[in-house]
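Peer 1: If you scroll down you'll find the structure; I have some questions about it.
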Amino acid sequence: MLEMLPPFAMRVAATLRLSDHIGSQGRTLGELALATGTNADALARLLRYLCTLGLYREPAADRFELAPAGRLLSQRQTGSLREWLDLESAGGKMDLALGGLLHSVRTGEPGYAEVFGKPFWEDMGSSPSFDALMTGKSTRIAPEIAALDFSGVACVADVGGGVGLTLTEILRAHPGLSGVLIEREETVAQACAAIAEAGLKDRCTVVGADIQHGVPAGADAYLLFDILHNWDDETAETILRNCAKAAGPRGRILIVEDLPQGDRNGYAMDLKMLVLFGGRQRTVGEFTDLAAKAGLGVHAVHELPSGFGVVEARAA
């Protein structure tokens, strides 16, 4: 628990794409140094350390091969962790932001700006690497959301839905539904292109909006997938209140998040949300309290196969 080198060494390997360069056939040190643009001596020292961690093997002097664990850093591997660990992408920057944990604990405020000089959302902007990470998560969970019961719903709005992967999955699973994708202005063009490519532009509208200031009305259900944990209670309440106003007395609010289980992973994610955004992971009870402040009551709670939970709220 005290050793700092393994996580940094693995992240450097991911950033340099070592596993992809080594490939299934293995490569010599010289070939790897040339491919990665690194100092051969320094790279050899890194690779030999990574061999002790079980990521790579050195079957002959200065020749390296993948070990099973090293395949998880290959972009070609299903379930690859490379993009999450790349120090030059959003995933790596989110990890490095943990250097601001002391500031967060002392102040209760995000620590990201203490490390990178600007708040997370300002720094990320419309970062392709961040969008790619979120799309990867949506790819796993979207089919489970699409399998929910949307009876009585004619139009579903995906609030903060990125480029529309989740909404696309829902509309394909429910041919009678129409959709509204609500995202920040800088994402609208990309989202429109993705919706058109999916062949759904006749059933889906993309709207640029700041969800802290308002949410377009007209939908029967408003989906908040992995949104509220990015925000403090005051902002999360505002977003819920805006959704409640848009949904009206008969609309539904579907909050989909990884509900904490009181284990190490849950507490770790909670601290990360604090450092990155000043947000937090919330239990069903905490969502119930938050919904009540926004004029909503929790109608039902569902658990998805992935472990994510769906908190369904309606006008109180």
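We name chains A, B, ... following the order of the structure tokens; residues begin at 1 in each chain, and ligands are numbered from 1 as shown.
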Find the residues near Glu109 in chain A: any atom within 9 Å, counting only C-alpha atoms, skip ones fewer than 3 places away on the same chain, and give them as a PDB file with C-alpha atoms, in the first residue's frame.
Peer 2:
```pdb
ATOM      1  CA  HIS A 103      -6.395  20.239  -0.449  1.00  0.00           C
ATOM      2  CA  SER A 104      -9.803  18.551  -0.810  1.00  0.00           C
ATOM      3  CA  VAL A 105      -9.724  17.087   2.690  1.00  0.00           C
ATOM      4  CA  ARG A 106      -8.643  20.408   4.187  1.00  0.00           C
ATOM      5  CA  LEU A 274     -14.486  14.821  -4.263  1.00  0.00           C
ATOM      6  CA  VAL A 275     -11.035  15.499  -5.725  1.00  0.00           C
ATOM      7  CA  PHE A 277     -15.416  17.689  -9.123  1.00  0.00           C
ATOM      8  CA  GLY A 278     -16.382  18.248  -5.505  1.00  0.00           C
TER       9      GLY A 278
END
```
Peer 1: With a distance cut-off of 8 Å and only C-alpha atoms, select the neighbouring residues of Ala44 in chain A, excluding the residue or stretch itself and same-chain residues fewer than 3 positions from it, and output the selection as number ranges by chain.
Peer 2: A: 29, 40-41, 47-48, 62
Peer 1: With N, CA and C atoms kept, could you save the residues just selected as a CSV table (one decimal), in the first residue's frame?
Peer 2:
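Below is the file again.csv, written as the result:
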```csv
chain,number,residue,atom,x,y,z
A,29,LEU,N,14.8,-4.7,-27.4
A,29,LEU,CA,14.9,-3.4,-26.7
A,29,LEU,C,15.1,-2.3,-27.7
A,40,ALA,N,17.0,4.1,-24.6
A,40,ALA,CA,17.1,2.7,-24.5
A,40,ALA,C,17.4,2.2,-23.2
A,41,ASP,N,18.4,2.8,-22.5
A,41,ASP,CA,18.9,2.4,-21.2
A,41,ASP,C,17.7,2.6,-20.2
A,47,LEU,N,11.3,-1.6,-18.2
A,47,LEU,CA,10.8,-2.9,-18.6
A,47,LEU,C,11.2,-4.0,-17.7
A,48,ARG,N,12.4,-4.0,-17.2
A,48,ARG,CA,12.8,-5.1,-16.2
A,48,ARG,C,12.0,-4.9,-14.9
A,62,ASP,N,17.6,-8.5,-23.5
A,62,ASP,CA,17.1,-7.4,-24.3
A,62,ASP,C,16.0,-7.8,-25.3
```
Peer 1: Give me the residues within 10 Å of Ala14 in chain A as a ChimeraX atom specification, counting only C-alpha atoms and dropping any in the same chain fewer than 6 places off.
Peer 2: /A:8,20,70,72-75,81-88,92
Peer 1: Identify, on the basis of only C-alpha atoms, every residue whose closest approach to Asp202 in chain A does not exceed 12 Å; exclude the query and any residue fewer than 2 positions from it along the same chain; express the result as a ChimeraX atom specification.
Peer 2: /A:171,175,177-180,192,195-200,204-206
Peer 1: From a backbone DSSP assignment, name each residue in range 177-279 of chain A labelled strand (DSSP E or B), as a ChimeraX atom specification.
Peer 2: /A:178-183,204-208,221-225,252-257
Peer 1: Since we have the selection now, will you write its residues out, keeping N, CA and C atoms, as a PDB file, in the first residue's frame?
Peer 2:
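File written: result_10.pdb
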```pdb
ATOM      1  N   SER A 178     -39.441   8.219 -29.127  1.00  0.00           N
ATOM      2  CA  SER A 178     -38.603   9.277 -29.678  1.00  0.00           C
ATOM      3  C   SER A 178     -37.673   9.750 -28.561  1.00  0.00           C
ATOM      4  N   GLY A 179     -36.637  10.497 -28.921  1.00  0.00           N
ATOM      5  CA  GLY A 179     -35.649  10.873 -27.923  1.00  0.00           C
ATOM      6  C   GLY A 179     -35.175  12.309 -28.064  1.00  0.00           C
ATOM      7  N   VAL A 180     -34.672  12.849 -26.946  1.00  0.00           N
ATOM      8  CA  VAL A 180     -34.034  14.159 -26.923  1.00  0.00           C
ATOM      9  C   VAL A 180     -32.703  13.998 -26.204  1.00  0.00           C
ATOM     10  N   LEU A 181     -31.637  14.390 -26.862  1.00  0.00           N
ATOM     11  CA  LEU A 181     -30.310  14.340 -26.251  1.00  0.00           C
ATOM     12  C   LEU A 181     -29.943  15.754 -25.818  1.00  0.00           C
ATOM     13  N   ILE A 182     -29.669  15.928 -24.526  1.00  0.00           N
ATOM     14  CA  ILE A 182     -29.364  17.244 -23.981  1.00  0.00           C
ATOM     15  C   ILE A 182     -27.901  17.268 -23.559  1.00  0.00           C
ATOM     16  N   GLU A 183     -27.122  18.105 -24.208  1.00  0.00           N
ATOM     17  CA  GLU A 183     -25.679  18.155 -23.932  1.00  0.00           C
ATOM     18  C   GLU A 183     -25.185  19.599 -24.030  1.00  0.00           C
ATOM     19  N   CYS A 204     -34.833  11.485 -33.104  1.00  0.00           N
ATOM     20  CA  CYS A 204     -34.058  12.038 -31.987  1.00  0.00           C
ATOM     21  C   CYS A 204     -33.642  13.475 -32.291  1.00  0.00           C
ATOM     22  N   THR A 205     -33.818  14.341 -31.296  1.00  0.00           N
ATOM     23  CA  THR A 205     -33.412  15.738 -31.393  1.00  0.00           C
ATOM     24  C   THR A 205     -32.257  15.980 -30.430  1.00  0.00           C
ATOM     25  N   VAL A 206     -31.270  16.761 -30.862  1.00  0.00           N
ATOM     26  CA  VAL A 206     -30.141  17.112 -29.999  1.00  0.00           C
ATOM     27  C   VAL A 206     -30.277  18.581 -29.611  1.00  0.00           C
ATOM     28  N   VAL A 207     -30.228  18.851 -28.302  1.00  0.00           N
ATOM     29  CA  VAL A 207     -30.413  20.205 -27.794  1.00  0.00           C
ATOM     30  C   VAL A 207     -29.197  20.603 -26.965  1.00  0.00           C
ATOM     31  N   GLY A 208     -28.622  21.748 -27.259  1.00  0.00           N
ATOM     32  CA  GLY A 208     -27.525  22.275 -26.460  1.00  0.00           C
ATOM     33  C   GLY A 208     -28.061  23.067 -25.289  1.00  0.00           C
ATOM     34  N   ALA A 221     -39.832  10.967 -19.753  1.00  0.00           N
ATOM     35  CA  ALA A 221     -38.834  10.424 -18.831  1.00  0.00           C
ATOM     36  C   ALA A 221     -37.509  11.130 -19.071  1.00  0.00           C
ATOM     37  N   TYR A 222     -36.836  11.479 -17.988  1.00  0.00           N
ATOM     38  CA  TYR A 222     -35.546  12.157 -18.055  1.00  0.00           C
ATOM     39  C   TYR A 222     -34.491  11.259 -17.422  1.00  0.00           C
ATOM     40  N   LEU A 223     -33.511  10.872 -18.226  1.00  0.00           N
ATOM     41  CA  LEU A 223     -32.459   9.958 -17.794  1.00  0.00           C
ATOM     42  C   LEU A 223     -31.226  10.742 -17.362  1.00  0.00           C
ATOM     43  N   LEU A 224     -30.751  10.458 -16.159  1.00  0.00           N
ATOM     44  CA  LEU A 224     -29.506  11.032 -15.640  1.00  0.00           C
ATOM     45  C   LEU A 224     -28.545   9.877 -15.373  1.00  0.00           C
ATOM     46  N   PHE A 225     -27.765   9.521 -16.373  1.00  0.00           N
ATOM     47  CA  PHE A 225     -26.850   8.382 -16.275  1.00  0.00           C
ATOM     48  C   PHE A 225     -25.449   8.887 -15.930  1.00  0.00           C
ATOM     49  N   ARG A 252     -41.164  11.071 -15.318  1.00  0.00           N
ATOM     50  CA  ARG A 252     -40.296  10.221 -14.500  1.00  0.00           C
ATOM     51  C   ARG A 252     -38.854  10.698 -14.630  1.00  0.00           C
ATOM     52  N   ILE A 253     -38.119  10.630 -13.541  1.00  0.00           N
ATOM     53  CA  ILE A 253     -36.688  10.917 -13.535  1.00  0.00           C
ATOM     54  C   ILE A 253     -35.973   9.613 -13.219  1.00  0.00           C
ATOM     55  N   LEU A 254     -35.099   9.169 -14.119  1.00  0.00           N
ATOM     56  CA  LEU A 254     -34.361   7.910 -13.923  1.00  0.00           C
ATOM     57  C   LEU A 254     -32.904   8.245 -13.629  1.00  0.00           C
ATOM     58  N   ILE A 255     -32.503   8.060 -12.381  1.00  0.00           N
ATOM     59  CA  ILE A 255     -31.128   8.319 -11.945  1.00  0.00           C
ATOM     60  C   ILE A 255     -30.377   6.992 -11.967  1.00  0.00           C
ATOM     61  N   VAL A 256     -29.390   6.879 -12.842  1.00  0.00           N
ATOM     62  CA  VAL A 256     -28.630   5.635 -12.977  1.00  0.00           C
ATOM     63  C   VAL A 256     -27.200   5.894 -12.526  1.00  0.00           C
ATOM     64  N   GLU A 257     -26.799   5.242 -11.437  1.00  0.00           N
ATOM     65  CA  GLU A 257     -25.453   5.431 -10.906  1.00  0.00           C
ATOM     66  C   GLU A 257     -24.972   4.152 -10.231  1.00  0.00           C
TER      67      GLU A 257
END
```
Peer 1: Quote the spacing between CA of Thr235 in chain A and CA of Gly248 in chain A in Å to one decimal place.
Peer 2: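 These two atoms are separated by 20.0 Å.
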Peer 1: Near Thr283 in chain A, within 12 Å and counting only C-alpha atoms, which residues show up once chain neighbours fewer than 6 positions away are dropped, as an MDAnalysis selection string?
Peer 2: chainID A and resid 228:229 255:262 266:267 270 289:290 301 308:311
Peer 1: Tell me, as a VMD selection string, which residues lie within 8 Å of range 36-38 of chain A, counting only C-alpha atoms; anything in the same chain fewer than 2 positions away does not count.
Peer 2: chain A and resid 16 to 18 32 to 34 40 42 to 43
Peer 1: Residues of the last selection are to be written out with N, CA and C atoms, as a PDB file, in the first residue's frame.
Peer 2:
```
ATOM      1  N   LEU A  16       3.198   4.912 -23.227  1.00  0.00           N
ATOM      2  CA  LEU A  16       4.119   4.583 -24.321  1.00  0.00           C
ATOM      3  C   LEU A  16       3.577   3.485 -25.237  1.00  0.00           C
ATOM      4  N   ARG A  17       2.431   2.912 -24.877  1.00  0.00           N
ATOM      5  CA  ARG A  17       1.813   1.815 -25.646  1.00  0.00           C
ATOM      6  C   ARG A  17       2.768   0.624 -25.787  1.00  0.00           C
ATOM      7  N   LEU A  18       3.465   0.317 -24.701  1.00  0.00           N
ATOM      8  CA  LEU A  18       4.459  -0.761 -24.750  1.00  0.00           C
ATOM      9  C   LEU A  18       3.842  -2.101 -25.138  1.00  0.00           C
ATOM     10  N   LEU A  32      11.920  -1.455 -29.487  1.00  0.00           N
ATOM     11  CA  LEU A  32      10.959  -0.773 -28.619  1.00  0.00           C
ATOM     12  C   LEU A  32      11.361   0.677 -28.365  1.00  0.00           C
ATOM     13  N   ALA A  33      12.652   0.899 -28.160  1.00  0.00           N
ATOM     14  CA  ALA A  33      13.121   2.263 -27.938  1.00  0.00           C
ATOM     15  C   ALA A  33      12.855   3.125 -29.161  1.00  0.00           C
ATOM     16  N   LEU A  34      13.069   2.569 -30.344  1.00  0.00           N
ATOM     17  CA  LEU A  34      12.823   3.298 -31.579  1.00  0.00           C
ATOM     18  C   LEU A  34      11.330   3.580 -31.761  1.00  0.00           C
ATOM     19  N   ALA A  40      17.034   4.133 -24.635  1.00  0.00           N
ATOM     20  CA  ALA A  40      17.073   2.667 -24.548  1.00  0.00           C
ATOM     21  C   ALA A  40      17.449   2.177 -23.158  1.00  0.00           C
ATOM     22  N   ALA A  42      17.123   3.742 -20.224  1.00  0.00           N
ATOM     23  CA  ALA A  42      16.044   4.021 -19.274  1.00  0.00           C
ATOM     24  C   ALA A  42      14.851   3.104 -19.522  1.00  0.00           C
ATOM     25  N   LEU A  43      14.571   2.838 -20.795  1.00  0.00           N
ATOM     26  CA  LEU A  43      13.453   1.955 -21.123  1.00  0.00           C
ATOM     27  C   LEU A  43      13.716   0.542 -20.630  1.00  0.00           C
TER      28      LEU A  43
END
```
Peer 1: If we count only C-alpha atoms and set the cut-off at 9 Å, which residues sit around Ala194 in chain A, ignoring sequence neighbours fewer than 4 positions away in its own chain? Please answer as a list in words.
Peer 2: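 Within the cut-off, the hits are Val163, Gly164, Leu165, Ala189, Gln190, Ala198 and Gly199 of chain A.
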Peer 1: Taking N, CA and C atoms for each residue, export the selection above as a short mmCIF file (atom, residue, chain, number, x, y, z; two decimals), in the first residue's frame.
Peer 2:
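Result file is selection-v6.cif:
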```cif
data_model
loop_
_atom_site.label_atom_id
_atom_site.label_comp_id
_atom_site.auth_asym_id
_atom_site.auth_seq_id
_atom_site.Cartn_x
_atom_site.Cartn_y
_atom_site.Cartn_z
N VAL A 163 -22.47 11.77 -26.67
CA VAL A 163 -22.78 11.76 -28.11
C VAL A 163 -23.97 10.85 -28.43
N GLY A 164 -24.66 10.37 -27.39
CA GLY A 164 -25.91 9.67 -27.62
C GLY A 164 -25.87 8.17 -27.66
N LEU A 165 -24.78 7.57 -27.21
CA LEU A 165 -24.70 6.11 -27.29
C LEU A 165 -25.81 5.43 -26.49
N ALA A 189 -22.62 19.23 -32.18
CA ALA A 189 -22.31 18.83 -33.56
C ALA A 189 -21.88 17.37 -33.63
N GLN A 190 -21.02 16.96 -32.70
CA GLN A 190 -20.57 15.57 -32.68
C GLN A 190 -21.72 14.63 -32.39
N ALA A 198 -26.28 6.65 -36.75
CA ALA A 198 -27.07 5.52 -36.22
C ALA A 198 -28.40 5.38 -36.93
N GLY A 199 -28.71 6.31 -37.84
CA GLY A 199 -29.96 6.24 -38.58
C GLY A 199 -31.17 6.65 -37.77
#
```
Peer 1: DSSP on the backbone: what in range 107-221 of chain A comes out helix (DSSP H, G or I), as a ChimeraX atom specification?
Peer 2: /A:107,112-116,120-124,128-146,165-173,185-197
Peer 1: Output the selection as a short mmCIF file (atom, residue, chain, number, x, y, z; two decimals), in the first residue's frame - C-alpha atoms for each residue.
Peer 2:
```
data_model
loop_
_atom_site.label_atom_id
_atom_site.label_comp_id
_atom_site.auth_asym_id
_atom_site.auth_seq_id
_atom_site.Cartn_x
_atom_site.Cartn_y
_atom_site.Cartn_z
CA THR A 107 -11.23 22.50 2.34
CA TYR A 112 -8.07 19.07 -9.51
CA ALA A 113 -7.28 22.75 -10.04
CA GLU A 114 -4.58 22.60 -7.37
CA VAL A 115 -2.71 20.14 -9.59
CA PHE A 116 -3.54 21.35 -13.10
CA PHE A 120 -11.79 19.71 -14.29
CA TRP A 121 -14.53 20.70 -16.72
CA GLU A 122 -12.61 23.73 -17.94
CA ASP A 123 -9.51 21.61 -18.47
CA MET A 124 -11.32 18.76 -20.20
CA PRO A 128 -11.78 13.42 -27.17
CA SER A 129 -10.03 11.16 -24.65
CA PHE A 130 -12.58 11.96 -21.92
CA ASP A 131 -15.48 11.42 -24.32
CA ALA A 132 -13.92 8.09 -25.34
CA LEU A 133 -13.70 6.93 -21.73
CA MET A 134 -17.33 7.86 -21.05
CA THR A 135 -18.43 6.17 -24.27
CA GLY A 136 -16.64 3.01 -23.15
CA LYS A 137 -18.57 3.03 -19.88
CA SER A 138 -21.85 3.69 -21.72
CA THR A 139 -21.16 0.74 -24.02
CA ARG A 140 -21.19 -1.59 -21.00
CA ILE A 141 -24.24 -0.19 -19.22
CA ALA A 142 -26.44 1.12 -22.06
CA PRO A 143 -27.99 -2.27 -23.01
CA GLU A 144 -29.08 -2.73 -19.38
CA ILE A 145 -30.70 0.72 -19.33
CA ALA A 146 -32.40 -0.01 -22.66
CA LEU A 165 -24.70 6.11 -27.29
CA THR A 166 -27.09 5.28 -24.44
CA LEU A 167 -30.05 7.03 -26.05
CA THR A 168 -29.32 5.25 -29.33
CA GLU A 169 -29.44 1.90 -27.52
CA ILE A 170 -32.78 2.82 -25.92
CA LEU A 171 -34.37 3.96 -29.19
CA ARG A 172 -33.24 0.83 -31.03
CA ALA A 173 -34.72 -1.37 -28.30
CA GLU A 185 -23.11 23.27 -26.82
CA GLU A 186 -19.60 22.14 -27.76
CA THR A 187 -20.79 18.52 -28.03
CA VAL A 188 -23.92 19.15 -30.11
CA ALA A 189 -22.31 18.83 -33.56
CA GLN A 190 -20.57 15.57 -32.68
CA ALA A 191 -23.77 14.20 -31.14
CA CYS A 192 -25.82 15.14 -34.21
CA ALA A 193 -23.35 13.31 -36.43
CA ALA A 194 -23.45 10.20 -34.21
CA ILE A 195 -27.27 10.18 -34.13
CA ALA A 196 -27.40 10.55 -37.93
CA GLU A 197 -24.86 7.75 -38.38
#
```
Peer 1: Can you tell me how far CA of Ala13 in chain A sits from CA of Arg264 in chain A, in Å to one decimal?
Peer 2: 26.2 Å
